[in-house]
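Single-structure report; data block below.
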Amino acid sequence: DSVYFQATKFFFDEKNQQLFSVRSGGATDVVIKRPHHTNVITYRLKDRGPVISIKLSPNMSVLSVQRSNKRVEFLNVTNLELEYSQPVRGKNSVILGFVWTSNTKVVYITDLGIEIYSISQDK
């Protein structure tokens with residue numbers, strides 16, 4: 001779920017206990033905080049439209065960004081230029097959400113079922 005406050009959108013990843021603050025406008029600034037941790041992680045991404053959902057892989061090496069109901073973008077956090085996207089398999093399927101189940105596996109929850117993908121940090 002997300003909440004708008006001015007130009008900032010907030011997301012909470014329940015699995016990894018991370019709060020994402022996403023601000024758009026020319027570039028997309030992402031700030032990630034965790035309860036009981038003082039570390040703050042920040043990224044600046046190319047602004048490619050509104051963010052529907054955003055999460056980090058459990059080992060915090062891949063940033064996943066959903067901007068449409070048809071695909072999720074994956075970015076290597078050590079080099080944000082290394083990016084790729086994984087579309088939903090079904091031509092008429094819609095991504096309702098996604099969950100990281102391990103450092104290399106992500107599950108799309110679609111209107112027609114679930115889809116499991118292997119994700120590589122090095123892609």
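Identifiers for the structure tokens are assigned positionally: chains receive A, B, ... in sequence, residues are indexed from 1 per chain, and ligands are indexed from 1 in the order shown.
Using only C-alpha atoms, the contacts of Ile52 (chain A) at a cut-off of 10 Å, with sequence neighbours closer than 5 positions omitted, comprise Asp1, Ser2, Lys9, Phe11, Val65, Gln66, Arg67, Ser68, Asn69, Val72, Leu96 and Gly97 of chain A.
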Atoms to include: C-alpha atoms. Write the selected residues as a PDB file, in the first residue's frame.
```pdb
ATOM      1  CA  ASP A   1       0.000   0.000   0.000  1.00  0.00           C
ATOM      2  CA  SER A   2       1.099   3.541  -0.585  1.00  0.00           C
ATOM      3  CA  LYS A   9       5.037   8.304  -2.285  1.00  0.00           C
ATOM      4  CA  PHE A  11       5.887   2.015   0.342  1.00  0.00           C
ATOM      5  CA  VAL A  65      10.575  -1.381  -9.358  1.00  0.00           C
ATOM      6  CA  GLN A  66       7.081  -1.914 -10.726  1.00  0.00           C
ATOM      7  CA  ARG A  67       5.867   0.979 -12.909  1.00  0.00           C
ATOM      8  CA  SER A  68       3.200  -0.866 -14.912  1.00  0.00           C
ATOM      9  CA  ASN A  69       0.874  -3.795 -14.445  1.00  0.00           C
ATOM     10  CA  VAL A  72       8.897  -5.230 -13.120  1.00  0.00           C
ATOM     11  CA  LEU A  96      -1.256  -7.419  -8.780  1.00  0.00           C
ATOM     12  CA  GLY A  97       1.947  -7.542  -6.705  1.00  0.00           C
TER      13      GLY A  97
END
```
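The interatomic distance for the pair CA of Thr101 (chain A) and CA of Lys15 (chain A) works out to 9.0 Å.
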field: Residue nearest Ile54 (chain A) - candidates A:Val22, A:Glu83, A:Arg71, A:Ala27, atoms counted: only C-alpha atoms
entry: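 The shortest atom-to-atom distance to Ile54 (chain A) comes from A:Val22.
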field: Pick from A:Ser61, A:Phe98, A:Ile109, A:Ala7, whichever lies nearest to Leu75 (chain A) using only C-alpha atoms
entry: A:Ser61
task: Could you give me the residues within chain A that DSSP places in strand (DSSP E or B), as a PyMOL selection string?
output: chain A and resi 2-5+8-13+18-23+27-33+40-46+53-56+62-66+71-76+79-87+95-100+105-110+113-118
- request: Record the distance separating CA of Gln17 (chain A) and CA of Val106 (chain A), expressed in Å with one decimal.
  value: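 Between CA of Gln17 (chain A) and CA of Val106 (chain A) the gap is 16.8 Å.
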task: Counting only C-alpha atoms, figure out which residue out of A:Gln18, A:Ser93, A:Ser24, A:Ser53 gets nearest to His37 (chain A).
output: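 Once distances to His37 (chain A) are computed over only C-alpha atoms, the minimum belongs to A:Gln18.
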- request: Within 10 Å of Ser120 (chain A), counting only C-alpha atoms, which residues show up once you throw out same-chain ones fewer than 5 positions away? Write them as a ChimeraX atom specification, please.
  value: /A:61-62,74-76,103-105
- prompt: Using only C-alpha atoms, which residue out of A:Ile119, A:Leu19, A:Gly113, A:Arg34 lies closest to Glu73 (chain A)?
  reply: A:Ile119
- prompt: Pick the closest to Leu80 (chain A) from A:Lys33, A:Ser21, A:Asp122, A:Thr110: which is it, counting only C-alpha atoms?
  reply: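 Nearest candidate to Leu80 (chain A) out of A:Lys33, A:Ser21, A:Asp122, A:Thr110: A:Asp122.
Pairwise distance (CA of Ile95 (chain A), CA of Asp29 (chain A)) equals 23.7 Å.
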field: Proximity to Val31 (chain A) - best of A:Tyr108, A:Ser102, A:Ser118, A:Lys55, only C-alpha atoms
entry: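 So, comparing all the options, the nearest one is A:Lys55.
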